[in-house]
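Everything on this sheet refers to the single structure shown next.
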Amino acid sequence: MGLAIQQEEFRPEDYERFSRRLTENLEALRVLLARPGFGEGPSTVGAELELFLVDAAGFPLPINRQVLAQTMDPRVTLELDRFNLEVNLRPGPLAGRPFTALREEFEDTLREVRRAAATQGARVAVIGILPTLREADLGRGAMTGQARYRALSAAIRRRRAGPIHVSIHGEDALALTWDDVTLEGANTSLQYHLRVAPPDFARMYNAAQLATAPVLAVSGNSPLFLGRRLWDETRVALFRQSVDDRGEPGEGGFHPHARVSFGHGWAREGAHELFAEAVALHPPLLPVCGRESPLERVKAGGLPGLDELRLHQSTVWTWNRAIYDPKCDGHLRIELRALPAGPTVVDMVANGAFLYGLTLALAERVDALLPAMPFVHAYGNFIRASRTGLDAELLWPSDTAPSPRPVPALELVPRLLPLAREGLVKAGVEADEADAMLAIIERRVALGRTGARWQRRVLARLAERMPREDALAAMLERYLLHADAGEPLHTWPVE
């Protein structure tokens with residue numbers, strides 16, 4: 001998002017100029033959002049998928065540039081670590097058969113990446129965290145050789161004035177000290193986008209915040225990191241800590257807000273306040289300015305790029321993020337960032353259907369739901385769903401006091417599936433399309449099986465008869481075999 005980065009070192013005057021330009025961007029955005037008709041139009045959906053390149057034994061293979069060179073597909077791009085790539089799907093309408101379209105494009109792009117990877121002796125693994133990762137696979141040498149990533153890592157290191165400390169406790173425990181941001185490359189996610197009209201943004205964003213935890217509880221696929229059994233979605237804890245730029249608490253014990261967060265409260269007005277919050281809470285990391293004067297352009301009736309604001313927003317990682325895009329006559333999107341990659345295309349598309357549908361349905365009721373659901377409980381739900389998945393107990397708004405009330409995720413998700421169907425159908429999704437996708441979620445819950453649970457169970461069985469490192473590799477081979485076959489997760493055997 002925003003400007004290309006060509007440099008790695010910046011002067012104090014660069015930060016000062018960039019901060020002034022951010023203020024101009026916010027004012028330009030305010031003027032633009034008040035323009036009649038801006039951002040109106042049919043709802044559209046899109047997706048980004050991060051993935052791993054692995055060798056014949058299932059270990060990470062740091063050759064993303066070589067693989068990218070073998071494809072001319074513009075949807076394929078580099079990612080942070082040299083064993084990562086990303087595919088960006090073309091947006092399409094929400095109405096009709098959007099999940100059929102998403103599935104076909106996922107399959108098409110992955111087919112092309114697999115073809116290109118095979119020319120370099122690599123395979124593709126679509127999984128939240130690669131179970132076979134070792135400490136030696138990470139570190140400075142693992143970073144993709146682009147100025148943007150080097151500059152970002154250096155900026156975070158300077159602001160911290162010390163190493164990164166990672167501590168995650170699950171079935172096992174992890175304590176790690178690190179010097180760069182390459183730990184973030186251990187995480188691969190599935191990010192969905194939803195175009196939203198400006199007047200609807202606050203209620204739709206709040207609905208997405210509320211919907212995220214139950215959808216994540218049934219979608220977990222990242223239970224292992226560096227051989228340890230940690231959270232069902234270890235990505236959530238690892239991402240937050242691996243790019244933390246805050247250093248030690250300051251005078252009086254005050255600790256600035258983390259750049260990776262679930263947010264700081266319900267949205268009250270709309271997208272502008274979320275952009276303004278990102279600017280107010282987080283100092284710039286990459287102070288690169290464009291040539292355009294955003295205020296001059298918007299006051300002349302044009303469409304500003306808001307390049308600096310978009311660049312800054314790309315370094316503030318809320319799990320649901322506001323996006324401004326000057327393309328397609330200019331519009332706003334919500335980037336839904338919490339879901340992991342994998343296990344299969346059909347599982348990922350089903351996860352998206354549940355998340356979209358539930359967000360749309362809850363948005364219709366959000367005025368009644370939010371008074372009964374303090375924001376702190378939505379954040380708590382997100383952390384509990386990340387830790388224990390379908391074993392989580394979530395708090396949910398109640399029609400009568402006291403509210404919210406605790407509900408096991410295994411009970412809550414089936415209650416929410418009809419709501420998700422209602423949201424999709426009202427948005428114009430064909431009923432049989434919605435039913436087919438949500439039936440996959442229903443079967444997953446009925447069997448109590450997520451990607452995280454499958455990985456844990458298969459690893460436990462294999463570890464009974466071989467060393468842990470061998471068991472991790474053997475489990476991944478089974479995972480890749482089933483994932484490549486394409487059948488949904490709930491059909492995978494655990495024996």
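Chain lettering (A, B, ...) mirrors the order of the structure tokens, residue numbering begins at 1 for each chain separately, and ligand numbering begins at 1 in order of display.
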- Non-local contacts of range 327-336 of chain A (10 Å; only C-alpha atoms; under 4 positions in same chain excluded) as a ChimeraX atom specification: /A:32-33,38-41,43-48,190-198,201,204-205,208-209,212,271,303-305,318-323,352,355-356
Quick one: residues within 12 Å of Ala483 in chain A, only C-alpha atoms counted, chain neighbours fewer than 2 positions away excluded, as a PDB file with N, CA and C atoms, in the first residue's frame?
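For reference, selection.pdb as written:
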ATOM      1  N   GLU A 107      -7.571 -21.538  -6.979  1.00  0.00           N
ATOM      2  CA  GLU A 107      -7.010 -22.732  -7.602  1.00  0.00           C
ATOM      3  C   GLU A 107      -6.131 -22.382  -8.790  1.00  0.00           C
ATOM      4  N   LEU A 110      -2.785 -20.764  -7.416  1.00  0.00           N
ATOM      5  CA  LEU A 110      -1.954 -21.768  -6.757  1.00  0.00           C
ATOM      6  C   LEU A 110      -1.390 -22.764  -7.765  1.00  0.00           C
ATOM      7  N   VAL A 124       4.715 -26.083  -2.671  1.00  0.00           N
ATOM      8  CA  VAL A 124       3.960 -25.014  -2.020  1.00  0.00           C
ATOM      9  C   VAL A 124       3.228 -25.584  -0.823  1.00  0.00           C
ATOM     10  N   ALA A 125       3.353 -24.916   0.320  1.00  0.00           N
ATOM     11  CA  ALA A 125       2.630 -25.295   1.535  1.00  0.00           C
ATOM     12  C   ALA A 125       1.747 -24.129   1.957  1.00  0.00           C
ATOM     13  N   VAL A 126       0.443 -24.395   2.035  1.00  0.00           N
ATOM     14  CA  VAL A 126      -0.527 -23.380   2.452  1.00  0.00           C
ATOM     15  C   VAL A 126      -0.981 -23.745   3.861  1.00  0.00           C
ATOM     16  N   ILE A 127      -0.380 -23.099   4.858  1.00  0.00           N
ATOM     17  CA  ILE A 127      -0.578 -23.452   6.261  1.00  0.00           C
ATOM     18  C   ILE A 127      -0.215 -22.228   7.096  1.00  0.00           C
ATOM     19  N   ALA A 341      -3.716 -19.040   6.633  1.00  0.00           N
ATOM     20  CA  ALA A 341      -3.691 -19.757   5.367  1.00  0.00           C
ATOM     21  C   ALA A 341      -4.053 -21.216   5.606  1.00  0.00           C
ATOM     22  N   GLY A 342      -4.724 -21.822   4.610  1.00  0.00           N
ATOM     23  CA  GLY A 342      -5.013 -23.253   4.624  1.00  0.00           C
ATOM     24  C   GLY A 342      -6.282 -23.621   5.373  1.00  0.00           C
ATOM     25  N   PRO A 343      -6.549 -24.952   5.464  1.00  0.00           N
ATOM     26  CA  PRO A 343      -5.774 -26.049   4.870  1.00  0.00           C
ATOM     27  C   PRO A 343      -5.973 -26.207   3.351  1.00  0.00           C
ATOM     28  N   THR A 344      -7.235 -26.167   2.863  1.00  0.00           N
ATOM     29  CA  THR A 344      -7.478 -26.343   1.435  1.00  0.00           C
ATOM     30  C   THR A 344      -8.192 -25.112   0.903  1.00  0.00           C
ATOM     31  N   VAL A 345      -8.266 -25.015  -0.408  1.00  0.00           N
ATOM     32  CA  VAL A 345      -8.969 -23.892  -1.019  1.00  0.00           C
ATOM     33  C   VAL A 345     -10.422 -23.861  -0.568  1.00  0.00           C
ATOM     34  N   VAL A 346     -11.082 -25.005  -0.581  1.00  0.00           N
ATOM     35  CA  VAL A 346     -12.501 -25.007  -0.212  1.00  0.00           C
ATOM     36  C   VAL A 346     -12.684 -24.629   1.251  1.00  0.00           C
ATOM     37  N   ASP A 347     -11.760 -25.029   2.126  1.00  0.00           N
ATOM     38  CA  ASP A 347     -11.846 -24.616   3.526  1.00  0.00           C
ATOM     39  C   ASP A 347     -11.657 -23.114   3.670  1.00  0.00           C
ATOM     40  N   MET A 348     -10.695 -22.550   2.948  1.00  0.00           N
ATOM     41  CA  MET A 348     -10.447 -21.116   3.040  1.00  0.00           C
ATOM     42  C   MET A 348     -11.640 -20.313   2.531  1.00  0.00           C
ATOM     43  N   GLY A 451      -8.021 -27.220  11.493  1.00  0.00           N
ATOM     44  CA  GLY A 451      -6.669 -27.539  11.055  1.00  0.00           C
ATOM     45  C   GLY A 451      -5.708 -27.674  12.223  1.00  0.00           C
ATOM     46  N   LEU A 476       3.574 -32.996   8.400  1.00  0.00           N
ATOM     47  CA  LEU A 476       3.445 -32.052   7.298  1.00  0.00           C
ATOM     48  C   LEU A 476       3.244 -32.776   5.976  1.00  0.00           C
ATOM     49  N   GLU A 477       3.931 -33.893   5.763  1.00  0.00           N
ATOM     50  CA  GLU A 477       3.744 -34.638   4.522  1.00  0.00           C
ATOM     51  C   GLU A 477       2.303 -35.113   4.374  1.00  0.00           C
ATOM     52  N   ARG A 478       1.717 -35.588   5.454  1.00  0.00           N
ATOM     53  CA  ARG A 478       0.314 -36.001   5.402  1.00  0.00           C
ATOM     54  C   ARG A 478      -0.583 -34.800   5.110  1.00  0.00           C
ATOM     55  N   TYR A 479      -0.277 -33.681   5.755  1.00  0.00           N
ATOM     56  CA  TYR A 479      -1.045 -32.443   5.536  1.00  0.00           C
ATOM     57  C   TYR A 479      -0.991 -32.040   4.063  1.00  0.00           C
ATOM     58  N   LEU A 480       0.213 -32.011   3.489  1.00  0.00           N
ATOM     59  CA  LEU A 480       0.356 -31.594   2.097  1.00  0.00           C
ATOM     60  C   LEU A 480      -0.349 -32.555   1.146  1.00  0.00           C
ATOM     61  N   LEU A 481      -0.304 -33.834   1.454  1.00  0.00           N
ATOM     62  CA  LEU A 481      -0.983 -34.828   0.618  1.00  0.00           C
ATOM     63  C   LEU A 481      -2.487 -34.567   0.579  1.00  0.00           C
ATOM     64  N   ALA A 485      -4.920 -32.814  -2.486  1.00  0.00           N
ATOM     65  CA  ALA A 485      -6.086 -33.537  -3.003  1.00  0.00           C
ATOM     66  C   ALA A 485      -7.319 -32.644  -3.034  1.00  0.00           C
ATOM     67  N   GLY A 486      -7.365 -31.635  -2.155  1.00  0.00           N
ATOM     68  CA  GLY A 486      -8.420 -30.627  -2.221  1.00  0.00           C
ATOM     69  C   GLY A 486      -9.685 -30.919  -1.467  1.00  0.00           C
ATOM     70  N   GLU A 487      -9.782 -32.067  -0.817  1.00  0.00           N
ATOM     71  CA  GLU A 487     -10.997 -32.365  -0.063  1.00  0.00           C
ATOM     72  C   GLU A 487     -11.001 -31.565   1.240  1.00  0.00           C
ATOM     73  N   PRO A 488     -12.179 -31.117   1.693  1.00  0.00           N
ATOM     74  CA  PRO A 488     -12.218 -30.266   2.888  1.00  0.00           C
ATOM     75  C   PRO A 488     -11.681 -30.980   4.135  1.00  0.00           C
ATOM     76  N   LEU A 489     -11.190 -30.186   5.046  1.00  0.00           N
ATOM     77  CA  LEU A 489     -10.514 -30.679   6.240  1.00  0.00           C
ATOM     78  C   LEU A 489     -11.320 -31.707   7.003  1.00  0.00           C
ATOM     79  N   HIS A 490     -12.635 -31.519   7.100  1.00  0.00           N
ATOM     80  CA  HIS A 490     -13.411 -32.440   7.954  1.00  0.00           C
ATOM     81  C   HIS A 490     -13.436 -33.855   7.436  1.00  0.00           C
ATOM     82  N   THR A 491     -12.967 -34.054   6.182  1.00  0.00           N
ATOM     83  CA  THR A 491     -12.927 -35.415   5.621  1.00  0.00           C
ATOM     84  C   THR A 491     -11.565 -36.076   5.838  1.00  0.00           C
ATOM     85  N   TRP A 492     -10.586 -35.325   6.363  1.00  0.00           N
ATOM     86  CA  TRP A 492      -9.239 -35.881   6.513  1.00  0.00           C
ATOM     87  C   TRP A 492      -9.187 -36.895   7.641  1.00  0.00           C
TER      88      TRP A 492
END
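The residue that comes closest to Arg157 in chain A, out of A:Trp396, A:Glu442, A:Trp454, A:Thr182 and on the basis of only C-alpha atoms, is A:Thr182.
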- Backbone DSSP call of strand (DSSP E) for range 77-318 of chain A, listed as a PyMOL selection string: chain A and resi 77-78+84-88+92-93+123-125+164-169+173-178+189-196+224-225+228-229+260-261+317-318
May I have the residues from that selection written out with N, CA and C atoms, as a CSV table (one decimal), in the first residue's frame?
chain,number,residue,atom,x,y,z
A,77,THR,N,3.4,-12.1,-5.8
A,77,THR,CA,4.3,-11.1,-5.4
A,77,THR,C,5.2,-11.7,-4.3
A,78,LEU,N,6.3,-11.0,-4.0
A,78,LEU,CA,7.2,-11.4,-2.9
A,78,LEU,C,6.6,-11.1,-1.6
A,84,ASN,N,8.7,-17.2,1.4
A,84,ASN,CA,7.3,-16.8,1.3
A,84,ASN,C,7.0,-16.2,0.0
A,85,LEU,N,5.8,-16.4,-0.5
A,85,LEU,CA,5.2,-15.6,-1.6
A,85,LEU,C,3.7,-15.3,-1.2
A,86,GLU,N,3.2,-14.3,-2.0
A,86,GLU,CA,1.8,-13.9,-1.8
A,86,GLU,C,1.1,-13.9,-3.1
A,87,VAL,N,-0.2,-14.3,-3.1
A,87,VAL,CA,-1.0,-14.2,-4.3
A,87,VAL,C,-2.2,-13.3,-3.9
A,88,ASN,N,-2.5,-12.4,-4.9
A,88,ASN,CA,-3.6,-11.4,-4.7
A,88,ASN,C,-4.6,-11.6,-5.7
A,92,GLY,N,-14.1,-9.1,-7.0
A,92,GLY,CA,-15.3,-9.4,-7.8
A,92,GLY,C,-16.6,-9.1,-7.0
A,93,PRO,N,-17.7,-9.1,-7.6
A,93,PRO,CA,-19.0,-8.8,-6.9
A,93,PRO,C,-19.3,-9.8,-5.8
A,123,ARG,N,8.1,-27.0,-3.6
A,123,ARG,CA,6.7,-27.3,-3.4
A,123,ARG,C,6.0,-26.1,-2.7
A,124,VAL,N,4.7,-26.1,-2.7
A,124,VAL,CA,4.0,-25.0,-2.0
A,124,VAL,C,3.2,-25.6,-0.8
A,125,ALA,N,3.4,-24.9,0.3
A,125,ALA,CA,2.6,-25.3,1.5
A,125,ALA,C,1.7,-24.1,2.0
A,164,ILE,N,14.2,-8.1,20.2
A,164,ILE,CA,12.8,-8.5,20.3
A,164,ILE,C,12.7,-9.7,21.2
A,165,HIS,N,11.8,-9.6,22.2
A,165,HIS,CA,11.6,-10.8,23.1
A,165,HIS,C,10.2,-11.4,22.8
A,166,VAL,N,10.2,-12.7,22.5
A,166,VAL,CA,9.0,-13.4,22.2
A,166,VAL,C,8.8,-14.4,23.3
A,167,SER,N,7.6,-14.4,23.9
A,167,SER,CA,7.2,-15.4,24.9
A,167,SER,C,5.8,-15.8,24.7
A,168,ILE,N,5.6,-17.1,24.4
A,168,ILE,CA,4.3,-17.7,24.1
A,168,ILE,C,4.1,-19.0,24.9
A,169,HIS,N,3.0,-19.2,25.6
A,169,HIS,CA,2.8,-20.3,26.4
A,169,HIS,C,1.5,-21.1,25.9
A,173,ALA,N,6.1,-24.2,25.9
A,173,ALA,CA,6.4,-22.8,26.1
A,173,ALA,C,7.5,-22.4,25.1
A,174,LEU,N,7.5,-21.1,24.7
A,174,LEU,CA,8.5,-20.6,23.8
A,174,LEU,C,9.0,-19.3,24.4
A,175,ALA,N,10.3,-19.2,24.6
A,175,ALA,CA,11.0,-17.9,25.0
A,175,ALA,C,12.1,-17.7,24.0
A,176,LEU,N,12.1,-16.5,23.4
A,176,LEU,CA,13.1,-16.3,22.3
A,176,LEU,C,13.5,-14.8,22.3
A,177,THR,N,14.8,-14.6,22.0
A,177,THR,CA,15.3,-13.2,21.8
A,177,THR,C,15.7,-13.1,20.4
A,178,TRP,N,15.3,-12.0,19.7
A,178,TRP,CA,15.6,-12.0,18.2
A,178,TRP,C,16.0,-10.5,17.9
A,189,SER,N,-1.0,-15.8,6.3
A,189,SER,CA,-2.4,-15.5,6.5
A,189,SER,C,-3.2,-15.5,5.3
A,190,LEU,N,-4.5,-15.6,5.5
A,190,LEU,CA,-5.5,-15.4,4.4
A,190,LEU,C,-6.3,-14.1,4.8
A,191,GLN,N,-6.2,-13.1,3.9
A,191,GLN,CA,-6.8,-11.8,4.2
A,191,GLN,C,-7.9,-11.6,3.2
A,192,TYR,N,-9.1,-11.4,3.7
A,192,TYR,CA,-10.3,-11.0,2.9
A,192,TYR,C,-10.5,-9.6,2.9
A,193,HIS,N,-11.1,-9.0,1.8
A,193,HIS,CA,-11.4,-7.6,1.7
A,193,HIS,C,-12.9,-7.5,1.4
A,194,LEU,N,-13.5,-6.5,2.0
A,194,LEU,CA,-14.9,-6.2,1.7
A,194,LEU,C,-15.1,-4.7,1.4
A,195,ARG,N,-15.5,-4.4,0.3
A,195,ARG,CA,-15.8,-2.9,-0.1
A,195,ARG,C,-17.0,-2.5,0.7
A,196,VAL,N,-16.9,-1.3,1.3
A,196,VAL,CA,-18.0,-0.8,2.2
A,196,VAL,C,-18.2,0.7,1.8
A,224,LEU,N,1.7,-24.8,15.8
A,224,LEU,CA,3.1,-25.2,16.1
A,224,LEU,C,4.1,-24.2,15.6
A,225,PHE,N,5.1,-23.9,16.4
A,225,PHE,CA,6.2,-23.0,16.0
A,225,PHE,C,7.5,-23.5,16.6
A,228,ARG,N,7.3,-26.3,19.0
A,228,ARG,CA,6.5,-26.2,20.3
A,228,ARG,C,5.0,-26.2,19.9
A,229,ARG,N,4.2,-26.8,20.8
A,229,ARG,CA,2.8,-26.8,20.6
A,229,ARG,C,2.3,-25.6,21.5
A,260,VAL,N,0.6,-4.0,16.3
A,260,VAL,CA,-0.4,-5.1,16.0
A,260,VAL,C,-1.4,-5.1,17.1
A,261,SER,N,-2.7,-4.9,16.8
A,261,SER,CA,-3.7,-4.9,17.9
A,261,SER,C,-5.0,-5.2,17.3
A,317,TRP,N,-0.8,-2.7,12.1
A,317,TRP,CA,-1.4,-3.9,11.7
A,317,TRP,C,-2.6,-4.3,12.6
A,318,THR,N,-3.7,-3.6,12.5
A,318,THR,CA,-4.9,-4.0,13.2
A,318,THR,C,-5.5,-5.2,12.5
Leaving out range 272-282 of chain A and any residue of its chain fewer than 2 positions from it, which residues lie within 7 Å of it when counting only C-alpha atoms, given as a short mmCIF file (atom, residue, chain, number, x, y, z; two decimals) with N, CA and C atoms, in the first residue's frame?
data_model
loop_
_atom_site.label_atom_id
_atom_site.label_comp_id
_atom_site.auth_asym_id
_atom_site.auth_seq_id
_atom_site.Cartn_x
_atom_site.Cartn_y
_atom_site.Cartn_z
N LEU A 26 -5.01 13.32 6.12
CA LEU A 26 -6.23 13.14 6.93
C LEU A 26 -7.27 14.20 6.59
N ARG A 30 -10.93 13.62 4.95
CA ARG A 30 -12.16 14.15 5.53
C ARG A 30 -13.01 14.86 4.47
N HIS A 257 0.96 2.08 22.56
CA HIS A 257 0.14 1.00 22.00
C HIS A 257 0.92 0.19 20.97
N GLU A 269 -17.73 6.81 14.35
CA GLU A 269 -18.16 7.65 13.24
C GLU A 269 -17.89 7.01 11.88
N GLY A 270 -16.72 6.41 11.70
CA GLY A 270 -16.44 5.84 10.39
C GLY A 270 -14.96 5.64 10.17
N PRO A 284 5.74 7.40 12.54
CA PRO A 284 6.09 6.82 11.24
C PRO A 284 7.32 5.92 11.32
N GLN A 313 -0.44 3.41 7.05
CA GLN A 313 -1.41 2.39 7.46
C GLN A 313 -0.88 0.99 7.24
N VAL A 316 0.78 -0.30 10.38
CA VAL A 316 -0.05 -0.40 11.59
C VAL A 316 -1.00 -1.56 11.34
N ALA A 322 -8.86 -0.61 8.23
CA ALA A 322 -9.49 0.27 7.25
C ALA A 322 -8.53 0.50 6.08
#
